[in-house]
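Quick notes on the structure that follows.
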Amino acid sequence: MNVVFMGTPEFAVPSLKTLIDTVNVQAVVTQPDRPVGRKRIITPPPIKKIAVEKGLQVLQPEKIKDEHFIKILSSIKPDLIVVAAFGQILPPQVLKIPSIGCINVHASLLPKYRGAAPMQWSIINGEHVTGITTMWMDEGLDTGDIFLQEQLEIKSKWTYEDLAGEMSMLGAKVLKKSIEMIKAGNIMRVPQDSSKATYAPILKKEHGRIDWNKRAVDIYNLVRGLYPWPGAYTIRKGQEIKIWEAEAVPQETEVSPGKYCGTVRGKGFLVGCSEGCLLVKVLQESGKKRMTAVEYLAGHSMNEGDNFADA
């Protein structure tokens, strides 16, 4: 079977490796090299690194709708296109190129969490179970027929980074099963129930602003879901502080949301929420390195009622 693979981040790497072992990968399509880090060093996507190592043809269109790119893709004549976190929506001209169709490895149990950031929103929303869906792509946003699905438990302390690592491996496993079924002529197509659809929009920095009027467990989920990017943050005395590690703590006495309300020896400090307190363990002031909350307390005076919810 001749396959073109489209993917970009680390999440897609196990899926590409699986394809290399099971089919003829004709070409790999990924995003252009981008400047990364403070020094803005031009860096290839993780998928490109693997493709180059394996001697595969690499295509990096700025826009997948580019006519020249579509002509090249058409000339390759793939049986199947496999997509895993590519980063661009495939236009109709691309969807109709492969003879079998286009399959997407999507990181949720569709129709839940259609969109660009399903793993992050699953954690933010306090889900305990997620999974991988292989889906036949159509012109909608993750609306195509379901091929296969497999569930994964979200551990209570997992961050997005933890979940992404587990899901990338599961994605490769489900993709392998899907490819084996296609080879055997066993093609499953189960329409999605769009009435049950939920959405996972692309993340922006402002999604990380902590609302202390929420429950401690909800803020804890936000911290986990936005690690390592864009990060959950709050404002104290006009300065942005990112919270990298925290814990939701029950509180029997009434506390004021956004207010400092004590310390836990050797662990960090507490900030009041609408229900319970958030135990802040690791944080980072704007322009500085990460530090433990204990280190932060050593250099900052904190009094009962100090505000962590400045406008």
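Following the order of the structure tokens, first chain is A, next is B, and so on, with residues numbered from 1 inside each chain and ligands from 1 in the order they appear.
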
May I have a table of the residues of segment 220-262 of chain A lying at most 8 Å from segment 116-124 of chain A, giving each one's closest pair of atoms and their distance in Å to one decimal, counting only C-alpha atoms, ordered by chain and ascending residue number, as a Markdown table?
| residue | atom | partner | partner_atom | distance |
| --- | --- | --- | --- | --- |
| A:Asn221 | CA | A:Ile124 | CA | 4.8 |
| A:Leu222 | CA | A:Ile124 | CA | 4.8 |
| A:Val223 | CA | A:Ile124 | CA | 7.9 |
| A:Arg224 | CA | A:Ile123 | CA | 6.9 |
| A:Gly225 | CA | A:Gln120 | CA | 4.7 |
| A:Leu226 | CA | A:Gln120 | CA | 6.4 |

Could you tell me, as a ChimeraX atom specification, which residues of segment 129-188 of chain A DSSP assigns to helix (DSSP H, G or I) when given the backbone?
/A:160-183

With segment 274-291 of chain A as the partner and 6 Å as the cut-off, tabulate the residues of segment 138-232 of chain A that qualify, each row holding the nearest pair of atoms and their distance in Å to one decimal, using only C-alpha atoms, sorted by chain and rising number, as a tab-separated table.
residue	atom	partner	partner_atom	distance
A:Asn213	CA	A:Ser274	CA	4.9
A:Lys214	CA	A:Ser274	CA	5.3
A:Arg215	CA	A:Glu275	CA	4.6
A:Ala216	CA	A:Leu278	CA	5.3

Hey, which of A:Asn2, A:Gln251, A:Gln31, A:Ser168 ends up closest to Leu59 of chain A? Count only C-alpha atoms.
A:Gln31

Using only C-alpha atoms, which residues sit within 10 Å of Lys204 of chain A once same-chain residues fewer than 6 positions away are excluded, as a PyMOL selection string?
chain A and resi 229-231

Keeping only N, CA and C atoms, take the residues you just selected and write them out as a PDB file, in the first residue's frame.
ATOM      1  N   TRP A 229       2.628  24.475  27.639  1.00  0.00           N
ATOM      2  CA  TRP A 229       2.257  25.705  26.929  1.00  0.00           C
ATOM      3  C   TRP A 229       0.750  25.807  26.849  1.00  0.00           C
ATOM      4  N   PRO A 230       0.184  27.008  27.027  1.00  0.00           N
ATOM      5  CA  PRO A 230       0.848  28.293  27.294  1.00  0.00           C
ATOM      6  C   PRO A 230       1.142  28.541  28.768  1.00  0.00           C
ATOM      7  N   GLY A 231       0.670  27.658  29.639  1.00  0.00           N
ATOM      8  CA  GLY A 231       0.898  27.822  31.071  1.00  0.00           C
ATOM      9  C   GLY A 231      -0.227  28.599  31.736  1.00  0.00           C
TER      10      GLY A 231
END

Residues at most 7 Å from Tyr199 of chain A, counting only C-alpha atoms, excluding those fewer than 5 positions away in the same chain, as a ChimeraX atom specification?
/A:112-115

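Of the listed residues (A:Glu67, A:Glu240, A:Glu247, A:Asp142), A:Asp142 comes nearest to Ile103 of chain A; the distances count only C-alpha atoms.
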
Nearest to Lys63 of chain A among A:Gln88, A:Pro45, A:Lys237, A:Pro98, with distances taken over only C-alpha atoms: which residue is it?
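Closest to Lys63 of chain A, using only C-alpha atoms: A:Gln88.
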
Calculated over only C-alpha atoms, which of the candidates A:Ala246, A:Ile235, A:Leu270, A:Val174 has the smallest distance to Phe308 of chain A?
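Using only C-alpha atoms, the shortest distance to Phe308 of chain A belongs to A:Ile235.
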
Return as number ranges by chain the full set of residues in segment 54-121 of chain A whose backbone-based DSSP assignment is strand (DSSP E).
A: 58-59, 80-84, 101-106

Using the selection just defined, write its residues with C-alpha atoms as a short mmCIF file (atom, residue, chain, number, x, y, z; two decimals), in the first residue's frame.
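Writing done, so here's part_12.cif:
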data_model
loop_
_atom_site.label_atom_id
_atom_site.label_comp_id
_atom_site.auth_asym_id
_atom_site.auth_seq_id
_atom_site.Cartn_x
_atom_site.Cartn_y
_atom_site.Cartn_z
CA VAL A 58 9.76 15.68 2.48
CA LEU A 59 7.29 18.34 1.34
CA LEU A 80 -4.05 6.53 1.27
CA ILE A 81 -3.20 9.77 3.08
CA VAL A 82 -2.67 9.49 6.84
CA VAL A 83 -2.84 12.66 8.95
CA ALA A 84 -1.68 13.05 12.56
CA GLY A 101 -9.24 8.03 1.21
CA CYS A 102 -7.71 10.12 4.00
CA ILE A 103 -7.46 8.92 7.61
CA ASN A 104 -6.88 11.20 10.59
CA VAL A 105 -5.40 10.00 13.90
CA HIS A 106 -7.37 12.22 16.29
#

If you count only C-alpha atoms, which residues fall within 6 Å of Thr234 of chain A, apart from same-chain ones fewer than 2 positions away, as a ChimeraX atom specification?
/A:209-210,240-241

Mind giving me the straight-line distance from atom CA of Asp79 of chain A to atom CA of Asp66 of chain A in Å, one decimal?
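Interatomic distance, atom CA of Asp79 of chain A to atom CA of Asp66 of chain A: 21.1 Å.
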
One-decimal distance in Å that lies between atom CA of Gly238 of chain A and atom CA of Asn307 of chain A
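Pair atom CA of Asn307 of chain A / atom CA of Gly238 of chain A returns 10.5 Å.
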
Write out as an MDAnalysis selection string which residues come within 9 Å of segment 182-195 of chain A when counting only C-alpha atoms, dropping same-chain ones fewer than 2 positions away.
chainID A and resid 1 100 110:111 135:136 143:148 177:180 197:198

Could you write out that same residue set with C-alpha atoms as an mmCIF file, in the first residue's frame?
data_model
loop_
_atom_site.group_PDB
_atom_site.id
_atom_site.type_symbol
_atom_site.label_atom_id
_atom_site.label_comp_id
_atom_site.auth_asym_id
_atom_site.auth_seq_id
_atom_site.Cartn_x
_atom_site.Cartn_y
_atom_site.Cartn_z
ATOM 1 C CA MET A 1 0.000 0.000 0.000
ATOM 2 C CA ILE A 100 -8.831 4.796 -0.734
ATOM 3 C CA LEU A 110 -15.045 11.633 18.666
ATOM 4 C CA PRO A 111 -17.515 13.268 18.474
ATOM 5 C CA MET A 135 -11.459 8.834 11.257
ATOM 6 C CA TRP A 136 -12.199 9.040 7.552
ATOM 7 C CA THR A 143 -16.728 15.344 11.376
ATOM 8 C CA GLY A 144 -15.880 12.284 9.254
ATOM 9 C CA ASP A 145 -16.936 8.689 9.821
ATOM 10 C CA ILE A 146 -15.218 6.835 12.667
ATOM 11 C CA PHE A 147 -12.986 3.881 11.740
ATOM 12 C CA LEU A 148 -11.580 2.668 15.089
ATOM 13 C CA LYS A 177 -4.824 -1.813 13.491
ATOM 14 C CA SER A 178 -6.569 0.461 10.990
ATOM 15 C CA ILE A 179 -3.926 -0.163 8.316
ATOM 16 C CA GLU A 180 -4.135 -3.927 8.861
ATOM 17 C CA ALA A 197 -20.202 16.839 19.626
ATOM 18 C CA THR A 198 -18.042 19.037 21.852
#
